[in-house]
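Structure file model30.json (JSON, C-alpha atoms) follows.
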```json
[["chain", "number", "residue", "atom", "x", "y", "z"],
["A", 87, "MET", "CA", 0.00, 0.00, 0.00],
["A", 88, "LYS", "CA", 1.40, 3.41, -0.93],
["A", 89, "LYS", "CA", 1.78, 6.13, 1.65],
["A", 90, "TYR", "CA", 0.37, 9.55, 0.71],
["A", 91, "ILE", "CA", 0.53, 13.05, 2.09],
["A", 92, "ILE", "CA", -3.18, 13.88, 2.39],
["A", 93, "LYS", "CA", -4.85, 17.25, 2.97],
["A", 94, "GLY", "CA", -8.49, 18.33, 3.11],
["A", 95, "LEU", "CA", -9.97, 14.82, 3.39],
["A", 96, "ALA", "CA", -12.86, 13.90, 5.70],
["A", 97, "ALA", "CA", -12.37, 11.04, 8.11],
["A", 98, "ALA", "CA", -14.71, 8.74, 6.22],
["A", 99, "ALA", "CA", -12.96, 9.40, 2.93],
["A", 100, "LEU", "CA", -9.61, 8.93, 4.65],
["A", 101, "PHE", "CA", -10.64, 5.43, 5.63],
["A", 102, "VAL", "CA", -11.84, 4.67, 2.13],
["A", 103, "SER", "CA", -8.66, 6.00, 0.48],
["A", 104, "PHE", "CA", -6.53, 3.57, 2.43],
["A", 105, "THR", "CA", -8.77, 0.59, 1.76],
["A", 106, "ALA", "CA", -7.86, -1.56, -1.19],
["A", 107, "CYS", "CA", -10.58, -1.70, -3.86],
["A", 108, "SER", "CA", -12.41, -5.00, -4.25],
["A", 109, "ASP", "CA", -14.26, -6.34, -7.23],
["A", 110, "ASP", "CA", -17.52, -5.21, -5.62],
["A", 111, "ASP", "CA", -16.45, -1.55, -5.26],
["A", 112, "THR", "CA", -18.63, 0.85, -7.20],
["A", 113, "VAL", "CA", -16.72, 2.76, -9.87],
["A", 114, "PRO", "CA", -18.32, 6.19, -10.43],
["A", 115, "SER", "CA", -19.98, 6.54, -13.82],
["A", 116, "ARG", "CA", -20.25, 10.34, -13.94],
["A", 117, "MET", "CA", -16.78, 11.94, -13.60],
["A", 118, "ILE", "CA", -15.87, 15.53, -14.47],
["A", 119, "ASP", "CA", -14.84, 16.08, -18.08],
["A", 120, "ALA", "CA", -11.08, 16.50, -18.47],
["A", 121, "ASN", "CA", -11.72, 19.09, -21.20],
["A", 122, "THR", "CA", -13.38, 21.41, -18.68],
["A", 123, "VAL", "CA", -10.41, 21.45, -16.29],
["A", 124, "THR", "CA", -8.43, 24.70, -16.37],
["A", 125, "SER", "CA", -5.61, 25.95, -14.19],
["A", 126, "VAL", "CA", -4.51, 29.35, -12.91],
["A", 127, "ALA", "CA", -0.94, 29.91, -11.74],
["A", 128, "LYS", "CA", -0.64, 31.98, -8.56],
["A", 129, "PRO", "CA", 2.41, 32.60, -6.36],
["A", 130, "GLY", "CA", 3.29, 29.25, -4.84],
["A", 131, "GLU", "CA", 0.15, 27.48, -6.01],
["A", 132, "VAL", "CA", -2.00, 26.17, -8.83],
["A", 133, "VAL", "CA", -5.77, 26.70, -8.75],
["A", 134, "PHE", "CA", -7.79, 24.19, -10.76],
["A", 135, "HIS", "CA", -11.33, 24.88, -11.96],
["A", 136, "TRP", "CA", -13.77, 22.52, -13.68],
["A", 137, "THR", "CA", -17.41, 22.17, -14.62],
["A", 138, "LYS", "CA", -19.38, 20.31, -11.97],
["A", 139, "VAL", "CA", -21.24, 17.15, -12.86],
["A", 140, "THR", "CA", -25.03, 17.02, -12.44],
["A", 141, "ASP", "CA", -25.94, 14.44, -9.78],
["A", 142, "PRO", "CA", -22.39, 13.08, -9.39],
["A", 143, "ASP", "CA", -22.06, 9.54, -8.11],
["A", 144, "TYR", "CA", -18.46, 10.02, -6.98],
["A", 145, "TYR", "CA", -17.90, 10.88, -3.31],
["A", 146, "TYR", "CA", -14.87, 13.07, -3.89],
["A", 147, "ILE", "CA", -12.31, 13.98, -6.54],
["A", 148, "LYS", "CA", -8.76, 12.86, -5.90],
["A", 149, "VAL", "CA", -5.81, 14.80, -7.32],
["A", 150, "LYS", "CA", -2.42, 13.14, -7.05],
["A", 151, "TYR", "CA", 0.95, 14.58, -8.05],
["A", 152, "ASN", "CA", 4.66, 14.20, -7.36],
["A", 153, "ASP", "CA", 6.18, 17.06, -5.37],
["A", 154, "PRO", "CA", 9.95, 17.27, -6.08],
["A", 155, "VAL", "CA", 10.66, 17.67, -2.36],
["A", 156, "LYS", "CA", 7.78, 15.96, -0.51],
["A", 157, "GLY", "CA", 7.26, 13.09, -2.89],
["A", 158, "GLU", "CA", 3.82, 11.81, -3.81],
["A", 159, "VAL", "CA", 1.04, 14.08, -2.54],
["A", 160, "MET", "CA", -2.73, 13.72, -2.70],
["A", 161, "LYS", "CA", -5.45, 16.33, -2.28],
["A", 162, "THR", "CA", -9.19, 16.01, -2.54],
["A", 163, "ALA", "CA", -12.28, 18.01, -3.39],
["A", 164, "SER", "CA", -15.89, 17.15, -2.54],
["A", 165, "ALA", "CA", -18.43, 16.12, -5.14],
["A", 166, "TYR", "CA", -19.96, 19.59, -4.88],
["A", 167, "ALA", "CA", -16.74, 21.53, -5.49],
["A", 168, "ASP", "CA", -15.74, 23.07, -8.80],
["A", 169, "SER", "CA", -12.19, 24.08, -7.85],
["A", 170, "LEU", "CA", -9.16, 22.98, -5.86],
["A", 171, "VAL", "CA", -6.08, 24.87, -4.67],
["A", 172, "ILE", "CA", -2.75, 23.04, -4.75],
["A", 173, "ASP", "CA", -0.35, 25.07, -2.59],
["A", 174, "GLY", "CA", 3.18, 24.69, -1.29],
["A", 175, "LEU", "CA", 4.66, 24.77, -4.80],
["A", 176, "TYR", "CA", 7.26, 26.86, -6.60],
["A", 177, "ALA", "CA", 7.61, 27.98, -10.20],
["A", 178, "LYS", "CA", 11.11, 26.47, -10.23],
["A", 179, "TYR", "CA", 9.53, 23.00, -10.12],
["A", 180, "GLY", "CA", 8.39, 23.53, -13.70],
["A", 181, "SER", "CA", 5.31, 21.86, -15.12],
["A", 182, "LEU", "CA", 3.93, 19.05, -12.94],
["A", 183, "ASP", "CA", 1.48, 16.30, -13.87],
["A", 184, "PHE", "CA", -1.69, 16.20, -11.77],
["A", 185, "GLN", "CA", -3.78, 13.02, -11.96],
["A", 186, "PHE", "CA", -7.54, 13.48, -11.46],
["A", 187, "SER", "CA", -9.89, 10.62, -10.55],
["A", 188, "GLY", "CA", -13.30, 10.21, -8.95],
["A", 189, "VAL", "CA", -13.73, 8.02, -5.88],
["A", 190, "SER", "CA", -16.99, 6.46, -4.69],
["A", 191, "ARG", "CA", -18.04, 6.03, -1.06],
["A", 192, "ASP", "CA", -16.93, 2.41, -1.06],
["A", 193, "GLY", "CA", -13.56, 3.12, -2.65],
["A", 194, "GLY", "CA", -14.25, 2.52, -6.31],
["A", 195, "GLU", "CA", -12.14, 4.81, -8.49],
["A", 196, "THR", "CA", -12.32, 5.99, -12.09],
["A", 197, "SER", "CA", -9.36, 5.76, -14.42],
["A", 198, "PRO", "CA", -7.30, 8.92, -13.88],
["A", 199, "PHE", "CA", -6.68, 11.63, -16.43],
["A", 200, "THR", "CA", -3.70, 13.99, -16.29],
["A", 201, "VAL", "CA", -3.56, 17.78, -16.38],
["A", 202, "SER", "CA", -0.18, 19.53, -16.45],
["A", 203, "ALA", "CA", 0.32, 22.90, -14.75],
["A", 204, "GLN", "CA", 3.00, 25.09, -13.21],
["A", 205, "ALA", "CA", 2.76, 27.26, -10.10],
["A", 206, "GLY", "CA", 3.48, 30.98, -10.13],
["A", 207, "ALA", "CA", 6.75, 32.30, -8.74],
["A", 208, "VAL", "CA", 7.03, 33.04, -5.03],
["A", 209, "ALA", "CA", 8.45, 36.52, -4.47],
["A", 210, "PRO", "CA", 11.50, 36.99, -2.23],
["A", 211, "SER", "CA", 10.82, 38.03, 1.35],
["A", 212, "VAL", "CA", 12.91, 40.41, 3.43],
["A", 213, "VAL", "CA", 13.37, 40.59, 7.20],
["A", 214, "ASP", "CA", 14.68, 43.54, 9.22],
["A", 215, "ASN", "CA", 18.02, 42.60, 10.81],
["A", 216, "GLY", "CA", 18.79, 45.83, 12.68],
["A", 217, "LEU", "CA", 20.65, 49.04, 12.04],
["A", 218, "GLY", "CA", 23.82, 49.26, 10.02],
["A", 219, "GLU", "CA", 26.11, 52.24, 9.54],
["A", 220, "THR", "CA", 25.09, 55.82, 8.90],
["A", 221, "ILE", "CA", 25.81, 56.62, 5.25],
["A", 222, "LYS", "CA", 28.18, 59.58, 4.87],
["A", 223, "LEU", "CA", 26.67, 62.10, 2.49],
["A", 224, "THR", "CA", 27.98, 65.23, 0.78],
["A", 225, "GLY", "CA", 26.24, 67.84, -1.32],
["A", 226, "ASP", "CA", 27.32, 65.96, -4.44],
["A", 227, "ASP", "CA", 25.16, 63.02, -3.34],
["A", 228, "LEU", "CA", 21.96, 65.08, -3.35],
["A", 229, "TRP", "CA", 19.67, 66.34, -6.11],
["A", 230, "THR", "CA", 16.37, 68.19, -6.28],
["A", 231, "ASP", "CA", 14.09, 69.26, -9.10],
["A", 232, "ASP", "CA", 12.99, 72.38, -7.19],
["A", 233, "GLN", "CA", 15.94, 74.36, -5.85],
["A", 234, "GLU", "CA", 15.25, 77.97, -4.77],
["A", 235, "SER", "CA", 17.69, 80.17, -6.68],
["A", 236, "SER", "CA", 18.16, 82.85, -4.02],
["A", 237, "GLU", "CA", 18.82, 80.79, -0.87],
["A", 238, "GLY", "CA", 19.00, 77.41, 0.78],
["A", 239, "PRO", "CA", 21.30, 75.27, -1.42],
["A", 240, "ILE", "CA", 20.64, 71.56, -1.13],
["A", 241, "LYS", "CA", 24.20, 70.89, 0.08],
["A", 242, "ASP", "CA", 23.22, 72.53, 3.38],
["A", 243, "LEU", "CA", 21.03, 69.49, 4.12],
["A", 244, "VAL", "CA", 24.15, 67.48, 4.97],
["A", 245, "ASP", "CA", 26.53, 70.12, 6.39],
["A", 246, "GLY", "CA", 25.92, 69.09, 10.02],
["A", 247, "ASN", "CA", 24.59, 72.55, 10.91],
["A", 248, "ALA", "CA", 20.90, 72.82, 11.81],
["A", 249, "ASN", "CA", 21.07, 76.61, 11.47],
["A", 250, "THR", "CA", 21.57, 76.38, 7.71],
["A", 251, "TYR", "CA", 18.85, 74.95, 5.47],
["A", 252, "PHE", "CA", 17.71, 73.75, 2.08],
["A", 253, "HIS", "CA", 14.78, 75.60, 0.52],
["A", 254, "MET", "CA", 12.59, 74.58, -2.39],
["A", 255, "ALA", "CA", 11.60, 77.25, -4.91],
["A", 256, "TRP", "CA", 9.39, 79.97, -3.45],
["A", 257, "SER", "CA", 10.30, 82.79, -5.85],
["A", 258, "ALA", "CA", 9.05, 80.77, -8.83],
["A", 259, "PRO", "CA", 6.95, 78.01, -7.25],
["A", 260, "SER", "CA", 5.45, 75.05, -9.09],
["A", 261, "PRO", "CA", 2.91, 72.51, -7.84],
["A", 262, "PHE", "CA", 3.87, 69.38, -5.93],
["A", 263, "PRO", "CA", 5.21, 66.75, -6.14],
["A", 264, "HIS", "CA", 8.88, 67.70, -5.84],
["A", 265, "TYR", "CA", 11.87, 65.47, -5.22],
["A", 266, "ILE", "CA", 14.94, 65.09, -3.08],
["A", 267, "VAL", "CA", 17.12, 62.26, -4.41],
["A", 268, "VAL", "CA", 19.94, 60.76, -2.35],
["A", 269, "ASP", "CA", 22.77, 58.73, -3.89],
["A", 270, "LEU", "CA", 23.60, 56.13, -1.22],
["A", 271, "LYS", "CA", 26.72, 55.20, -3.22],
["A", 272, "LYS", "CA", 25.99, 51.49, -2.90],
["A", 273, "GLU", "CA", 23.02, 49.20, -3.30],
["A", 274, "VAL", "CA", 21.13, 48.48, -0.09],
["A", 275, "THR", "CA", 17.92, 46.68, 0.85],
["A", 276, "GLY", "CA", 16.98, 48.84, 3.82],
["A", 277, "VAL", "CA", 17.30, 52.37, 5.19],
["A", 278, "THR", "CA", 15.95, 54.72, 7.78],
["A", 279, "PHE", "CA", 16.28, 58.47, 7.39],
["A", 280, "THR", "CA", 15.97, 61.44, 9.71],
["A", 281, "TYR", "CA", 15.30, 65.05, 8.81],
["A", 282, "ILE", "CA", 15.27, 68.21, 10.89],
["A", 283, "CYS", "CA", 12.84, 70.93, 9.91],
["A", 284, "ARG", "CA", 13.93, 74.54, 9.59],
["A", 285, "ASN", "CA", 13.80, 76.63, 12.75],
["A", 286, "ASN", "CA", 11.40, 79.14, 11.22],
["A", 287, "ASN", "CA", 7.91, 80.31, 12.10],
["A", 288, "ASN", "CA", 6.61, 79.59, 8.58],
["A", 289, "HIS", "CA", 6.73, 75.83, 9.25],
["A", 290, "ASP", "CA", 7.25, 74.86, 5.62],
["A", 291, "ASN", "CA", 7.58, 71.20, 6.62],
["A", 292, "PRO", "CA", 6.74, 68.15, 4.52],
["A", 293, "LYS", "CA", 3.24, 66.88, 5.23],
["A", 294, "GLN", "CA", 3.46, 63.71, 3.12],
["A", 295, "ILE", "CA", 6.47, 61.97, 1.62],
["A", 296, "THR", "CA", 6.28, 58.99, -0.74],
["A", 297, "VAL", "CA", 9.54, 57.04, -0.63],
["A", 298, "PHE", "CA", 10.95, 55.21, -3.65],
["A", 299, "GLY", "CA", 14.14, 53.32, -4.39],
["A", 300, "SER", "CA", 15.89, 52.77, -7.73],
["A", 301, "THR", "CA", 19.14, 51.37, -9.06],
["A", 302, "ALA", "CA", 19.60, 54.14, -11.63],
["A", 303, "PHE", "CA", 19.02, 57.88, -11.80],
["A", 304, "ASP", "CA", 19.10, 60.27, -14.74],
["A", 305, "LYS", "CA", 19.30, 63.90, -13.62],
["A", 306, "SER", "CA", 18.47, 65.15, -17.10],
["A", 307, "THR", "CA", 14.90, 63.80, -17.05],
["A", 308, "ASN", "CA", 13.82, 65.46, -13.80],
["A", 309, "GLU", "CA", 11.32, 62.63, -13.46],
["A", 310, "LEU", "CA", 10.80, 59.55, -11.38],
["A", 311, "SER", "CA", 11.27, 56.44, -13.52],
["A", 312, "ASN", "CA", 12.00, 52.73, -13.05],
["A", 313, "ALA", "CA", 11.67, 53.06, -9.28],
["A", 314, "THR", "CA", 9.98, 50.90, -6.67],
["A", 315, "GLN", "CA", 7.64, 52.51, -4.16],
["A", 316, "LEU", "CA", 8.80, 51.59, -0.67],
["A", 317, "THR", "CA", 6.42, 53.40, 1.69],
["A", 318, "VAL", "CA", 4.31, 56.51, 2.25],
["A", 319, "LEU", "CA", 4.82, 58.76, 5.29],
["A", 320, "SER", "CA", 1.73, 60.84, 6.06],
["A", 321, "ASN", "CA", 0.58, 63.40, 8.62],
["A", 322, "LEU", "CA", 4.16, 64.47, 9.32],
["A", 323, "SER", "CA", 5.08, 66.98, 12.00],
["A", 324, "ASN", "CA", 4.18, 70.66, 11.65],
["A", 325, "ALA", "CA", 6.42, 71.73, 14.55],
["A", 326, "LYS", "CA", 9.17, 74.30, 14.18],
["A", 327, "ALA", "CA", 12.62, 72.64, 14.10],
["A", 328, "ALA", "CA", 10.96, 69.22, 14.41],
["A", 329, "THR", "CA", 13.12, 66.11, 14.15],
["A", 330, "VAL", "CA", 11.36, 63.40, 12.17],
["A", 331, "GLU", "CA", 12.67, 59.83, 11.92],
["A", 332, "SER", "CA", 11.27, 57.40, 9.39],
["A", 333, "PRO", "CA", 10.50, 53.77, 10.24],
["A", 334, "HIS", "CA", 12.87, 51.12, 8.97],
["A", 335, "ILE", "CA", 12.18, 50.87, 5.24],
["A", 336, "ILE", "CA", 13.15, 47.51, 3.76],
["A", 337, "SER", "CA", 12.87, 46.02, 0.29],
["A", 338, "ALA", "CA", 13.65, 42.68, -1.31],
["A", 339, "THR", "CA", 14.67, 44.69, -4.39],
["A", 340, "PRO", "CA", 18.04, 46.41, -3.85],
["A", 341, "PHE", "CA", 18.28, 50.15, -4.53],
["A", 342, "ARG", "CA", 21.07, 52.71, -4.67],
["A", 343, "TYR", "CA", 19.03, 55.90, -5.01],
["A", 344, "LEU", "CA", 16.58, 56.99, -2.34],
["A", 345, "TRP", "CA", 13.79, 59.14, -3.76],
["A", 346, "LEU", "CA", 11.88, 61.36, -1.33],
["A", 347, "ARG", "CA", 8.86, 62.60, -3.23],
["A", 348, "ILE", "CA", 7.42, 65.55, -1.35],
["A", 349, "ASP", "CA", 3.68, 65.38, -2.00],
["A", 350, "SER", "CA", 2.50, 68.26, 0.19],
["A", 351, "SER", "CA", 3.58, 70.74, 2.86],
["A", 352, "THR", "CA", 2.12, 71.50, 6.29],
["A", 353, "SER", "CA", 1.96, 75.21, 5.41],
["A", 354, "GLY", "CA", -0.06, 74.66, 2.24],
["A", 355, "SER", "CA", 2.72, 76.27, 0.18],
["A", 356, "ASN", "CA", 4.21, 74.57, -2.89],
["A", 357, "TRP", "CA", 7.60, 74.22, -1.24],
["A", 358, "VAL", "CA", 9.33, 72.93, 1.90],
["A", 359, "ALA", "CA", 12.46, 73.90, 3.80],
["A", 360, "LEU", "CA", 14.63, 71.48, 5.75],
["A", 361, "ALA", "CA", 17.70, 72.00, 7.93],
["A", 362, "GLU", "CA", 19.33, 68.55, 7.96],
["A", 363, "LEU", "CA", 18.99, 65.08, 6.45],
["A", 364, "SER", "CA", 20.75, 61.84, 7.38],
["A", 365, "VAL", "CA", 20.37, 58.26, 6.15],
["A", 366, "THR", "CA", 21.32, 55.04, 7.98],
["A", 367, "GLU", "CA", 21.44, 51.61, 6.38],
["A", 368, "VAL", "CA", 19.16, 48.90, 7.75],
["A", 369, "LYS", "CA", 20.53, 45.37, 7.55],
["A", 370, "THR", "CA", 18.24, 42.72, 6.13],
["A", 371, "ILE", "CA", 17.98, 38.98, 5.61],
["A", 372, "ILE", "CA", 16.46, 38.05, 2.26],
["A", 373, "SER", "CA", 14.85, 34.70, 1.50],
["A", 374, "ASP", "CA", 14.47, 33.86, -2.18],
["A", 375, "PRO", "CA", 13.08, 30.32, -2.38],
["A", 376, "GLU", "CA", 12.76, 30.33, -6.16],
["A", 377, "ASN", "CA", 16.52, 30.69, -6.47],
["A", 378, "GLU", "CA", 17.51, 28.39, -3.63],
["A", 379, "LYS", "CA", 18.41, 24.81, -4.34]]
```

Rendering of file as structure tokens:
Amino acid sequence: MKKYIIKGLAAAALFVSFTACSDDDTVPSRMIDANTVTSVAKPGEVVFHWTKVTDPDYYYIKVKYNDPVKGEVMKTASAYADSLVIDGLYAKYGSLDFQFSGVSRDGGETSPFTVSAQAGAVAPSVVDNGLGETIKLTGDDLWTDDQESSEGPIKDLVDGNANTYFHMAWSAPSPFPHYIVVDLKKEVTGVTFTYICRNNNNHDNPKQITVFGSTAFDKSTNELSNATQLTVLSNLSNAKAATVESPHIISATPFRYLWLRIDSSTSGSNWVALAELSVTEVKTIISDPENEK
């Protein structure tokens, strides 16, 4: 008798599935049509759909396949089901053969038919592994699309002096969003950043920042492109000289450029002013099962 890994089977059916068929077992006469079986690939699973049989005389549908790691696996669906999820798979397994058969209450079983299908890829996962080193930044590592021409050069964001500041364009303002882009000078999978708002009664602080990461940056386009959105920071502080620290921002996709898209300001103006900005790497552990042996 073969040993199976069995999921989703009622106790009565479990007993039947382990009982050898005799000549008196009733073989179902109305099985689902193989031509109606379709499959949908989802991350880590295959979802089968079929057309239900009117008044089926099978007790359940058995689906058997060979998992490259677990060996032979069996799953079941009731006579009233029209779908079945096969999970715990990976796209790297390639196309697998799934054998469908109908089983009666007394253990009779139809001749199986085979449907081949492949699971969708499982995305890498990333886990926060604590703080790394603060990334040393100079004015050459910063860029903005909205520099005020008369004051507040962007290099003052990283001069270590909270009395100097960077100011977006107020003399010729344009609507949000505006960008501050930071070259981290290496690819990372996690960061946290801190900014200090200008010590000024106008409180031109960021109200919302959407954070992106990218591996490339073209200053000539003045546009966000080929970047991955990492998080959105909303309802940010309106306090004068406020210090705001982001949460740990991690990504399974490495990035070298940190994009801070300023979406709005607490003052309602089309610009912000900031005194200081610092970025610290966050260490991560990445699991990528599709590329692991």

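Distances here use all atoms listed in the file; by that measure, the residue among A:Ser353, A:Ser187, A:Thr278, A:Thr339 closest to Asp374 in chain A is A:Thr339.
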
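Minimum atom-to-atom distances from A:Phe134, A:Tyr343, A:Tyr145, A:Tyr281 to Tyr251 in chain A were compared using all atoms listed in the file, and the lowest value belongs to A:Tyr281.
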
Neighbour list for Leu217 in chain A as number ranges by chain, cut-off 8 Å, only C-alpha atoms, skip fewer than 2 positions in-chain: A: 215, 219, 366-369

Please provide as a VMD selection string all residues within 9 Å of range 310-322 of chain A, with the sequence filter that same-chain residues fewer than 2 positions apart are discarded (counting only C-alpha atoms). chain A and resid 265 291 to 304 307 to 308 324 330 332 335 to 337 339 341 343 345 347 352

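With all atoms listed in the file as the atoms that count, the residue of A:Asp119, A:Asp111, A:Glu362, A:Glu309 with the shortest distance to Arg191 in chain A is A:Asp111.
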
What's the 9 Å shell around Tyr179 in chain A, counting all atoms listed in the file, without same-chain residues fewer than 4 positions away, as a compact mmCIF listing (two decimals) with C-alpha atoms, in the coordinates of the input?
```txt
# COMPACT_ATOMS: atom_id res chain seq x y z
CA ASP A 153 6.18 17.06 -5.37
CA PRO A 154 9.95 17.27 -6.08
CA LEU A 175 4.66 24.77 -4.80
CA GLN A 204 3.00 25.09 -13.21
CA ALA A 205 2.76 27.26 -10.10
CA GLU A 376 12.76 30.33 -6.16
```

Residues near Ser236 in chain A, cut-off 12 Å, all atoms listed in the file, skip fewer than 4 positions along chain, as a PyMOL selection string: chain A and resi 240+252-258

Keeping C-alpha atoms for every residue in the selection just given, could you write it to a file as a PDB file, keeping the file's coordinate frame?
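The new file part.pdb reads:
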```pdb
ATOM      1  CA  ILE A 240      20.640  71.560  -1.130  1.00  0.00           C
ATOM      2  CA  PHE A 252      17.710  73.750   2.080  1.00  0.00           C
ATOM      3  CA  HIS A 253      14.780  75.600   0.520  1.00  0.00           C
ATOM      4  CA  MET A 254      12.590  74.580  -2.390  1.00  0.00           C
ATOM      5  CA  ALA A 255      11.600  77.250  -4.910  1.00  0.00           C
ATOM      6  CA  TRP A 256       9.390  79.970  -3.450  1.00  0.00           C
ATOM      7  CA  SER A 257      10.300  82.790  -5.850  1.00  0.00           C
ATOM      8  CA  ALA A 258       9.050  80.770  -8.830  1.00  0.00           C
TER       9      ALA A 258
END
```

For each of A:Val132, A:Leu360, A:Ala338, A:Val159, take the minimum atom-to-atom distance to Ser202 in chain A, counting all atoms listed in the file, then give the residue where this is smallest. A:Val132

Provide the CA of Ile266 in chain A to CA of Val213 in chain A distance in Å, to one decimal place. 26.6 Å

Which residue is closest to Val139 in chain A? Choose from A:Asp168, A:Asp192, A:Asp231, A:Asp349 and count all atoms listed in the file. A:Asp168

Option closest in space to Ile372 in chain A, from A:Ile147, A:Ala127, A:Val212, A:Ala327 [counting all atoms listed in the file]: A:Val212

Atom-to-atom span, CA of Tyr146 in chain A and CA of Thr162 in chain A, Å: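 Taking CA of Tyr146 in chain A and CA of Thr162 in chain A, their separation equals 6.5 Å.
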
What does the structure give for the distance between CA of Ala163 in chain A and CA of Val189 in chain A, in Å to one decimal?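 Answer for the CA of Ala163 in chain A to CA of Val189 in chain A separation: 10.4 Å.
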
Quick one: axis-aligned box around all listed atoms of range 293-305 of chain A, 3 Å on every side, centre and edge lengths in Å to one decimal, written as lines of an AutoDock Vina configuration file.
```
center_x = 11.4
center_y = 59.1
center_z = -4.8
size_x = 22.4
size_y = 21.5
size_z = 26.0
```

If we count only C-alpha atoms, what is near Asp173 in chain A at a cut-off of 10 Å, once residues fewer than 2 positions away on the same chain are taken out, given as a list of chain:residue names? A:Lys128, A:Pro129, A:Gly130, A:Glu131, A:Val132, A:Val133, A:Leu170, A:Val171, A:Leu175, A:Tyr176, A:Ala205
